[in-house]
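Peer 1: Input start-v4.txt, format and content: compact mmCIF, N, CA and C atoms.
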# COMPACT_ATOMS: atom_id res chain seq x y z
N MET A 159 61.78 98.84 125.92
CA MET A 159 61.75 99.15 127.32
C MET A 159 63.18 99.14 127.83
N LEU A 160 63.54 100.10 128.64
CA LEU A 160 64.87 100.22 129.22
C LEU A 160 64.78 99.94 130.70
N THR A 161 65.78 99.27 131.21
CA THR A 161 65.81 98.99 132.64
C THR A 161 67.17 99.39 133.19
N GLY A 162 67.27 99.57 134.46
CA GLY A 162 68.54 99.89 135.12
C GLY A 162 68.90 101.35 134.97
N THR A 163 70.05 101.69 135.49
CA THR A 163 70.55 103.06 135.43
C THR A 163 71.93 103.04 134.81
N PRO A 164 72.34 104.15 134.17
CA PRO A 164 73.68 104.18 133.59
C PRO A 164 74.74 103.88 134.65
N GLY A 165 75.73 103.07 134.27
CA GLY A 165 76.78 102.68 135.20
C GLY A 165 76.49 101.38 135.90
N ASP A 166 75.24 100.96 135.93
CA ASP A 166 74.83 99.70 136.54
C ASP A 166 75.22 98.58 135.57
N PRO A 167 75.95 97.53 136.03
CA PRO A 167 76.38 96.46 135.13
C PRO A 167 75.22 95.78 134.41
N GLY A 168 74.06 95.75 134.97
CA GLY A 168 72.93 95.12 134.31
C GLY A 168 72.14 96.11 133.48
N CYS A 169 72.66 97.29 133.28
CA CYS A 169 71.94 98.37 132.62
C CYS A 169 71.95 98.20 131.10
N VAL A 170 70.84 98.48 130.50
CA VAL A 170 70.73 98.55 129.06
C VAL A 170 70.35 99.99 128.74
N VAL A 171 71.22 100.66 128.00
CA VAL A 171 70.98 102.07 127.68
C VAL A 171 70.68 102.19 126.20
N ASN A 172 69.61 102.90 125.88
CA ASN A 172 69.24 103.11 124.49
C ASN A 172 70.06 104.25 123.93
N ARG A 173 70.92 103.97 122.97
CA ARG A 173 71.75 105.00 122.33
C ARG A 173 71.35 105.17 120.87
N GLY A 174 70.15 104.96 120.55
CA GLY A 174 69.68 105.06 119.18
C GLY A 174 68.97 103.79 118.78
N SER A 175 68.72 103.67 117.52
CA SER A 175 67.99 102.49 117.07
C SER A 175 68.91 101.27 117.04
N VAL A 176 68.31 100.14 117.23
CA VAL A 176 69.03 98.87 117.19
C VAL A 176 69.22 98.50 115.73
N PRO A 177 70.45 98.19 115.36
CA PRO A 177 70.65 97.82 113.96
C PRO A 177 69.92 96.53 113.62
N ARG A 178 69.39 96.51 112.42
CA ARG A 178 68.69 95.32 111.96
C ARG A 178 69.68 94.43 111.20
N PRO A 179 69.50 93.13 111.34
CA PRO A 179 70.38 92.25 110.58
C PRO A 179 70.17 92.49 109.09
N GLY A 180 71.23 92.40 108.35
CA GLY A 180 71.13 92.60 106.91
C GLY A 180 72.13 91.75 106.18
N THR A 181 72.05 91.81 104.91
CA THR A 181 73.00 91.08 104.09
C THR A 181 73.63 92.05 103.11
N ALA A 182 74.81 91.74 102.74
CA ALA A 182 75.52 92.52 101.73
C ALA A 182 76.00 91.56 100.67
N PRO A 183 76.01 92.00 99.44
CA PRO A 183 76.48 91.09 98.40
C PRO A 183 77.96 90.77 98.61
N ALA A 184 78.29 89.50 98.55
CA ALA A 184 79.68 89.07 98.71
C ALA A 184 80.43 89.37 97.43
N ARG A 185 81.70 89.67 97.58
CA ARG A 185 82.52 89.86 96.39
C ARG A 185 82.72 88.51 95.72
N ALA A 186 82.40 88.45 94.47
CA ALA A 186 82.60 87.21 93.73
C ALA A 186 84.07 87.12 93.36
N SER A 187 84.71 86.05 93.77
CA SER A 187 86.11 85.90 93.41
C SER A 187 86.18 85.51 91.94
N GLN A 188 87.02 86.19 91.22
CA GLN A 188 87.18 85.93 89.80
C GLN A 188 88.07 84.70 89.63
N GLU A 189 87.54 83.70 89.00
CA GLU A 189 88.32 82.49 88.73
C GLU A 189 89.14 82.73 87.47
N SER A 190 90.42 82.47 87.54
CA SER A 190 91.28 82.70 86.38
C SER A 190 90.92 81.74 85.25
N SER A 191 91.26 82.15 84.04
CA SER A 191 90.98 81.28 82.90
C SER A 191 91.80 80.00 83.00
N THR A 192 92.98 80.07 83.61
CA THR A 192 93.78 78.86 83.80
C THR A 192 93.10 77.92 84.78
N ALA A 193 92.49 78.46 85.83
CA ALA A 193 91.76 77.63 86.80
C ALA A 193 90.56 76.97 86.13
N LYS A 194 89.91 77.69 85.24
CA LYS A 194 88.77 77.11 84.50
C LYS A 194 89.24 75.96 83.62
N LEU A 195 90.37 76.15 82.95
CA LEU A 195 90.91 75.09 82.10
C LEU A 195 91.35 73.90 82.95
N ALA A 196 91.86 74.15 84.14
CA ALA A 196 92.33 73.07 85.02
C ALA A 196 91.22 72.10 85.40
N LYS A 197 89.97 72.54 85.34
CA LYS A 197 88.85 71.65 85.65
C LYS A 197 88.77 70.46 84.71
N PHE A 198 89.38 70.59 83.52
CA PHE A 198 89.38 69.48 82.56
C PHE A 198 90.53 68.50 82.81
N PHE A 199 91.35 68.80 83.82
CA PHE A 199 92.48 67.96 84.19
C PHE A 199 92.32 67.57 85.65
N PRO A 200 91.64 66.45 85.92
CA PRO A 200 91.32 66.08 87.31
C PRO A 200 92.52 65.95 88.23
N ASP A 201 93.69 65.65 87.71
CA ASP A 201 94.89 65.49 88.54
C ASP A 201 95.62 66.81 88.78
N ALA A 202 95.09 67.91 88.24
CA ALA A 202 95.79 69.19 88.34
C ALA A 202 95.91 69.66 89.78
N THR A 203 97.12 70.06 90.13
CA THR A 203 97.43 70.56 91.47
C THR A 203 97.90 72.01 91.33
N PRO A 204 97.41 72.91 92.18
CA PRO A 204 97.88 74.30 92.10
C PRO A 204 99.37 74.39 92.46
N VAL A 205 100.12 75.11 91.64
CA VAL A 205 101.53 75.38 91.88
C VAL A 205 101.80 76.82 91.45
N ARG A 206 102.93 77.34 91.79
CA ARG A 206 103.35 78.67 91.30
C ARG A 206 104.83 78.58 90.97
N ILE A 207 105.11 78.30 89.70
CA ILE A 207 106.49 78.13 89.27
C ILE A 207 106.77 79.12 88.13
N PRO A 208 107.56 80.15 88.40
CA PRO A 208 107.92 81.09 87.34
C PRO A 208 108.82 80.40 86.31
N VAL A 209 108.52 80.59 85.04
CA VAL A 209 109.31 79.98 83.97
C VAL A 209 109.47 80.95 82.81
N GLN A 210 110.47 80.65 82.00
CA GLN A 210 110.62 81.32 80.71
C GLN A 210 110.04 80.36 79.68
N LEU A 211 109.08 80.84 78.92
CA LEU A 211 108.37 80.03 77.94
C LEU A 211 108.85 80.46 76.55
N THR A 212 109.26 79.50 75.73
CA THR A 212 109.71 79.82 74.38
C THR A 212 108.99 78.94 73.38
N ARG A 213 108.50 79.58 72.33
CA ARG A 213 107.88 78.86 71.20
C ARG A 213 108.72 79.20 69.98
N VAL A 214 109.23 78.20 69.31
CA VAL A 214 110.03 78.43 68.12
C VAL A 214 109.16 78.20 66.90
N VAL A 215 109.13 79.21 66.02
CA VAL A 215 108.33 79.12 64.80
C VAL A 215 109.27 79.21 63.62
N GLY A 216 109.19 78.23 62.75
CA GLY A 216 110.03 78.27 61.56
C GLY A 216 111.50 78.23 61.91
N GLU A 217 112.29 78.83 61.07
CA GLU A 217 113.73 78.81 61.27
C GLU A 217 114.20 80.03 62.03
N GLY A 218 114.56 79.83 63.28
CA GLY A 218 115.15 80.88 64.08
C GLY A 218 114.20 81.93 64.63
N LYS A 219 112.94 81.88 64.32
CA LYS A 219 111.99 82.86 64.83
C LYS A 219 111.44 82.37 66.17
N ALA A 220 111.93 82.93 67.24
CA ALA A 220 111.50 82.49 68.57
C ALA A 220 110.59 83.54 69.20
N PHE A 221 109.55 83.07 69.83
CA PHE A 221 108.69 83.92 70.64
C PHE A 221 108.89 83.47 72.07
N SER A 222 109.07 84.43 72.97
CA SER A 222 109.38 84.07 74.35
C SER A 222 108.71 85.04 75.31
N GLU A 223 108.39 84.55 76.50
CA GLU A 223 107.84 85.40 77.56
C GLU A 223 108.06 84.73 78.90
N SER A 224 107.99 85.52 79.94
CA SER A 224 107.99 84.99 81.30
C SER A 224 106.55 84.75 81.70
N THR A 225 106.29 83.62 82.32
CA THR A 225 104.95 83.31 82.81
C THR A 225 105.09 82.46 84.07
N VAL A 226 103.97 82.05 84.60
CA VAL A 226 103.96 81.24 85.82
C VAL A 226 103.12 79.99 85.57
N ILE A 227 103.71 78.83 85.82
CA ILE A 227 102.92 77.59 85.77
C ILE A 227 101.98 77.65 86.97
N GLU A 228 100.68 77.62 86.71
CA GLU A 228 99.69 77.76 87.78
C GLU A 228 99.16 76.42 88.28
N PHE A 229 99.16 75.41 87.40
CA PHE A 229 98.69 74.07 87.76
C PHE A 229 99.59 73.05 87.09
N GLY A 230 99.73 71.91 87.74
CA GLY A 230 100.52 70.85 87.16
C GLY A 230 99.90 69.50 87.42
N THR A 231 100.12 68.57 86.51
CA THR A 231 99.76 67.17 86.69
C THR A 231 101.07 66.40 86.53
N PRO A 232 101.06 65.09 86.67
CA PRO A 232 102.31 64.35 86.45
C PRO A 232 102.86 64.51 85.03
N HIS A 233 101.99 64.92 84.06
CA HIS A 233 102.43 64.97 82.67
C HIS A 233 102.18 66.30 81.98
N GLU A 234 101.41 67.21 82.61
CA GLU A 234 101.05 68.47 81.98
C GLU A 234 101.34 69.66 82.89
N VAL A 235 101.44 70.83 82.24
CA VAL A 235 101.54 72.10 82.94
C VAL A 235 100.46 73.02 82.37
N LEU A 236 99.90 73.87 83.23
CA LEU A 236 98.88 74.82 82.80
C LEU A 236 99.31 76.22 83.21
N PHE A 237 99.20 77.16 82.29
CA PHE A 237 99.67 78.53 82.53
C PHE A 237 98.92 79.48 81.60
N ALA A 238 99.04 80.78 81.88
CA ALA A 238 98.48 81.81 81.03
C ALA A 238 99.60 82.37 80.16
N SER A 239 99.24 82.76 78.94
CA SER A 239 100.24 83.29 78.02
C SER A 239 99.63 84.37 77.14
N SER A 240 100.45 85.29 76.72
CA SER A 240 100.02 86.28 75.74
C SER A 240 100.64 86.01 74.37
N LEU A 241 101.40 84.92 74.26
CA LEU A 241 101.98 84.53 72.97
C LEU A 241 100.91 83.95 72.07
N PRO A 242 101.11 84.01 70.77
CA PRO A 242 100.14 83.42 69.83
C PRO A 242 100.31 81.89 69.77
N LEU A 243 99.82 81.20 70.79
CA LEU A 243 99.98 79.75 70.87
C LEU A 243 98.76 79.05 70.30
N GLU A 244 99.01 77.89 69.69
CA GLU A 244 97.94 77.09 69.11
C GLU A 244 98.14 75.62 69.48
N PHE A 245 97.09 74.85 69.29
CA PHE A 245 97.13 73.41 69.54
C PHE A 245 98.30 72.81 68.77
N ALA A 246 99.06 71.93 69.42
CA ALA A 246 100.19 71.17 68.87
C ALA A 246 101.48 71.97 68.76
N ASP A 247 101.51 73.24 69.18
CA ASP A 247 102.77 73.97 69.20
C ASP A 247 103.73 73.31 70.18
N THR A 248 105.01 73.34 69.85
CA THR A 248 106.03 72.82 70.74
C THR A 248 106.66 73.98 71.51
N LEU A 249 106.81 73.77 72.82
CA LEU A 249 107.31 74.82 73.71
C LEU A 249 108.51 74.34 74.49
N ARG A 250 109.32 75.28 74.95
CA ARG A 250 110.40 74.98 75.89
C ARG A 250 110.09 75.74 77.16
N LEU A 251 110.11 75.05 78.29
CA LEU A 251 109.85 75.64 79.60
C LEU A 251 111.12 75.55 80.44
N ARG A 252 111.58 76.70 80.94
CA ARG A 252 112.79 76.72 81.77
C ARG A 252 112.54 77.60 82.99
N ASN A 253 112.94 77.10 84.16
CA ASN A 253 112.89 77.97 85.35
C ASN A 253 114.26 78.62 85.53
N SER A 254 114.32 79.56 86.46
CA SER A 254 115.53 80.39 86.59
C SER A 254 116.77 79.62 87.02
N ASP A 255 116.61 78.57 87.83
CA ASP A 255 117.80 77.85 88.29
C ASP A 255 118.13 76.63 87.43
N GLY A 256 117.36 76.41 86.37
CA GLY A 256 117.66 75.32 85.45
C GLY A 256 117.20 73.95 85.88
N THR A 257 116.53 73.84 87.03
CA THR A 257 116.08 72.53 87.47
C THR A 257 114.90 72.03 86.63
N LEU A 258 114.22 72.94 85.97
CA LEU A 258 113.19 72.55 85.01
C LEU A 258 113.60 73.11 83.66
N ASP A 259 113.87 72.23 82.73
CA ASP A 259 114.20 72.60 81.36
C ASP A 259 113.63 71.48 80.50
N ALA A 260 112.41 71.70 80.03
CA ALA A 260 111.69 70.61 79.37
C ALA A 260 110.94 71.11 78.15
N GLU A 261 110.69 70.19 77.26
CA GLU A 261 109.89 70.47 76.08
C GLU A 261 108.48 69.96 76.33
N ALA A 262 107.50 70.70 75.83
CA ALA A 262 106.10 70.30 75.98
C ALA A 262 105.35 70.66 74.72
N CYS A 263 104.24 69.98 74.50
CA CYS A 263 103.40 70.20 73.33
C CYS A 263 102.03 70.69 73.80
N VAL A 264 101.52 71.73 73.18
CA VAL A 264 100.22 72.30 73.57
C VAL A 264 99.11 71.29 73.28
N VAL A 265 98.32 70.97 74.31
CA VAL A 265 97.21 70.02 74.15
C VAL A 265 95.84 70.68 74.34
N ALA A 266 95.82 71.91 74.87
CA ALA A 266 94.55 72.63 75.04
C ALA A 266 94.83 74.12 75.13
N VAL A 267 93.93 74.92 74.55
CA VAL A 267 94.00 76.37 74.67
C VAL A 267 92.60 76.90 74.93
N GLN A 268 92.55 77.95 75.70
CA GLN A 268 91.27 78.61 75.98
C GLN A 268 91.55 80.10 75.94
N TYR A 269 90.94 80.78 74.96
CA TYR A 269 91.18 82.21 74.76
C TYR A 269 90.29 83.04 75.64
N ASN A 270 90.86 84.14 76.23
CA ASN A 270 90.08 85.00 77.11
C ASN A 270 90.74 86.37 77.21
N SER A 271 90.18 87.38 76.59
CA SER A 271 90.60 88.78 76.72
C SER A 271 92.11 89.01 76.53
N GLY A 272 92.64 88.55 75.43
CA GLY A 272 94.04 88.81 75.14
C GLY A 272 95.02 87.86 75.80
N ARG A 273 94.57 87.11 76.76
CA ARG A 273 95.42 86.10 77.41
C ARG A 273 94.86 84.73 77.01
N THR A 274 95.73 83.78 76.95
CA THR A 274 95.34 82.44 76.59
C THR A 274 95.71 81.50 77.73
N ALA A 275 94.75 80.71 78.18
CA ALA A 275 95.04 79.65 79.14
C ALA A 275 95.52 78.46 78.32
N VAL A 276 96.64 77.89 78.72
CA VAL A 276 97.28 76.84 77.93
C VAL A 276 97.56 75.63 78.80
N ALA A 277 97.31 74.45 78.23
CA ALA A 277 97.76 73.20 78.84
C ALA A 277 98.75 72.58 77.86
N ALA A 278 99.91 72.20 78.37
CA ALA A 278 100.94 71.59 77.53
C ALA A 278 101.43 70.31 78.20
N ARG A 279 101.60 69.27 77.39
CA ARG A 279 102.05 67.96 77.89
C ARG A 279 103.54 67.80 77.60
N PHE A 280 104.28 67.35 78.61
CA PHE A 280 105.70 67.09 78.43
C PHE A 280 105.90 66.07 77.32
N THR A 281 106.90 66.28 76.47
CA THR A 281 107.16 65.34 75.39
C THR A 281 107.98 64.14 75.86
N GLU A 282 108.65 64.28 77.00
CA GLU A 282 109.42 63.19 77.61
C GLU A 282 109.20 63.23 79.11
N ASP A 283 109.54 62.14 79.80
CA ASP A 283 109.46 62.16 81.26
C ASP A 283 110.41 63.22 81.81
N VAL A 284 109.92 63.97 82.78
CA VAL A 284 110.74 64.99 83.42
C VAL A 284 111.11 64.46 84.80
N ARG A 285 112.38 64.16 85.00
CA ARG A 285 112.82 63.50 86.23
C ARG A 285 112.53 64.32 87.47
N ASN A 286 112.75 65.60 87.41
CA ASN A 286 112.63 66.42 88.60
C ASN A 286 111.31 67.20 88.69
N TRP A 287 110.32 66.79 87.92
CA TRP A 287 109.03 67.48 87.96
C TRP A 287 108.38 67.20 89.31
N ILE A 288 107.89 68.25 89.98
CA ILE A 288 107.44 68.13 91.36
C ILE A 288 106.08 67.44 91.52
N VAL A 289 105.30 67.42 90.46
CA VAL A 289 103.99 66.76 90.54
C VAL A 289 104.14 65.36 89.98
N LYS A 290 104.10 64.37 90.85
CA LYS A 290 104.30 62.97 90.42
C LYS A 290 103.03 62.17 90.66
N SER A 291 102.86 61.12 89.87
CA SER A 291 101.69 60.25 90.06
C SER A 291 101.97 59.19 91.09
Please rewrite the model in this file as structure tokens.
Peer 2:
Amino acid sequence: MLTGTPGDPGCVVNRGSVPRPGTAPARASQESSTAKLAKFFPDATPVRIPVQLTRVVGEGKAFSESTVIEFGTPHEVLFASSLPLEFADTLRLRNSDGTLDAEACVVAVQYNSGRTAVAARFTEDVRNWIVKS
């Protein structure tokens, strides 16, 4: 039922059908493999620290890539890598300004579509590490 006249402030004018409430499927946010691995580290805090990651294999054979530390704890870093990393590998992590230059040992790996989520524990205390207990 319509009441009032066009232009009247109390007027309701029918301009077609009234839309019915509906639902649309929400976009599922894709959780990164590093975020999934971080669930096993209750102290993990999200960070974004670009680093150069180096794994030395044998004598003089170095594998290196740029990556981003995505989560950190007082003793571990978590990041994604495309390098062939395995449990107990020793890594060197360096940021661009040199304030982070530390050695770490791989303590967890989770493989996912060519990328590997990695957790590595510092081999020594890192004085300037931003995530402290």
Peer 1: Could you check the closest approach to Thr274 in chain A for each of A:Val214, A:Leu258, A:Leu241, A:Ala202 and tell me which residue wins, using all atoms listed in the file?
Peer 2: A:Leu241
Peer 1: How many Å separate CA of Ala220 in chain A from CA of Val289 in chain A?
Peer 2: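 About the pair CA of Ala220 in chain A and CA of Val289 in chain A: they are 28.0 Å apart.
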Peer 1: One decimal, in Å: what's the spacing between atom N of Val265 in chain A and CA of Lys194 in chain A?
Peer 2: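 If I compute the distance from atom N of Val265 in chain A to CA of Lys194 in chain A, I get 15.3 Å.
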Peer 1: Go through A:Val209, A:Ala278, A:Ala266, A:Leu195 and flag the residue nearest His233 in chain A, using only C-alpha atoms for the distances.
Peer 2: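 Among the listed residues, the smallest separation from His233 in chain A belongs to A:Ala278.
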Peer 1: So the first atom is atom C of Ala277 in chain A and the second is CA of Ser222 in chain A; what is the distance between them in Å, to one decimal place?
Peer 2: 16.0 Å
Peer 1: Please determine, counting only N, CA and C atoms, which residue among A:Val215, A:Ala262, A:Ala196, A:Ile227 has the shortest atom-to-atom distance to Arg279 in chain A.
Peer 2: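 Going through A:Val215, A:Ala262, A:Ala196, A:Ile227 one by one, the smallest distance to Arg279 in chain A is for A:Ala262.
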Peer 1: Taking only N, CA and C atoms into account, which of A:Ser239, A:Thr281, A:Ser254, A:Thr248 comes nearest Ile207 in chain A?
Peer 2: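 Between A:Ser239, A:Thr281, A:Ser254, A:Thr248, the residue approaching Ile207 in chain A most closely is A:Ser254.
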Peer 1: Let's see if you can do this: from backbone DSSP, list all strand (DSSP E or B) residues in range 182-237 of chain A, as a VMD selection string.
Peer 2: chain A and resid 203 to 215 219 to 230 234 to 237
Peer 1: Which residues in range 189-277 of chain A does DSSP call helix (DSSP H, G or I)? List them as a PyMOL selection string.
Peer 2: chain A and resi 191-196
Peer 1: Would you write out those residues with N, CA and C atoms, as a PDB file, in the coordinates of the input?
Peer 2:
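Everything below was put into out-v9.pdb:
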ATOM      1  N   SER A 191      91.260  82.150  84.040  1.00  0.00           N
ATOM      2  CA  SER A 191      90.980  81.280  82.900  1.00  0.00           C
ATOM      3  C   SER A 191      91.800  80.000  83.000  1.00  0.00           C
ATOM      4  N   THR A 192      92.980  80.070  83.610  1.00  0.00           N
ATOM      5  CA  THR A 192      93.780  78.860  83.800  1.00  0.00           C
ATOM      6  C   THR A 192      93.100  77.920  84.780  1.00  0.00           C
ATOM      7  N   ALA A 193      92.490  78.460  85.830  1.00  0.00           N
ATOM      8  CA  ALA A 193      91.760  77.630  86.800  1.00  0.00           C
ATOM      9  C   ALA A 193      90.560  76.970  86.130  1.00  0.00           C
ATOM     10  N   LYS A 194      89.910  77.690  85.240  1.00  0.00           N
ATOM     11  CA  LYS A 194      88.770  77.110  84.500  1.00  0.00           C
ATOM     12  C   LYS A 194      89.240  75.960  83.620  1.00  0.00           C
ATOM     13  N   LEU A 195      90.370  76.150  82.950  1.00  0.00           N
ATOM     14  CA  LEU A 195      90.910  75.090  82.100  1.00  0.00           C
ATOM     15  C   LEU A 195      91.350  73.900  82.950  1.00  0.00           C
ATOM     16  N   ALA A 196      91.860  74.150  84.140  1.00  0.00           N
ATOM     17  CA  ALA A 196      92.330  73.070  85.020  1.00  0.00           C
ATOM     18  C   ALA A 196      91.220  72.100  85.400  1.00  0.00           C
TER      19      ALA A 196
END
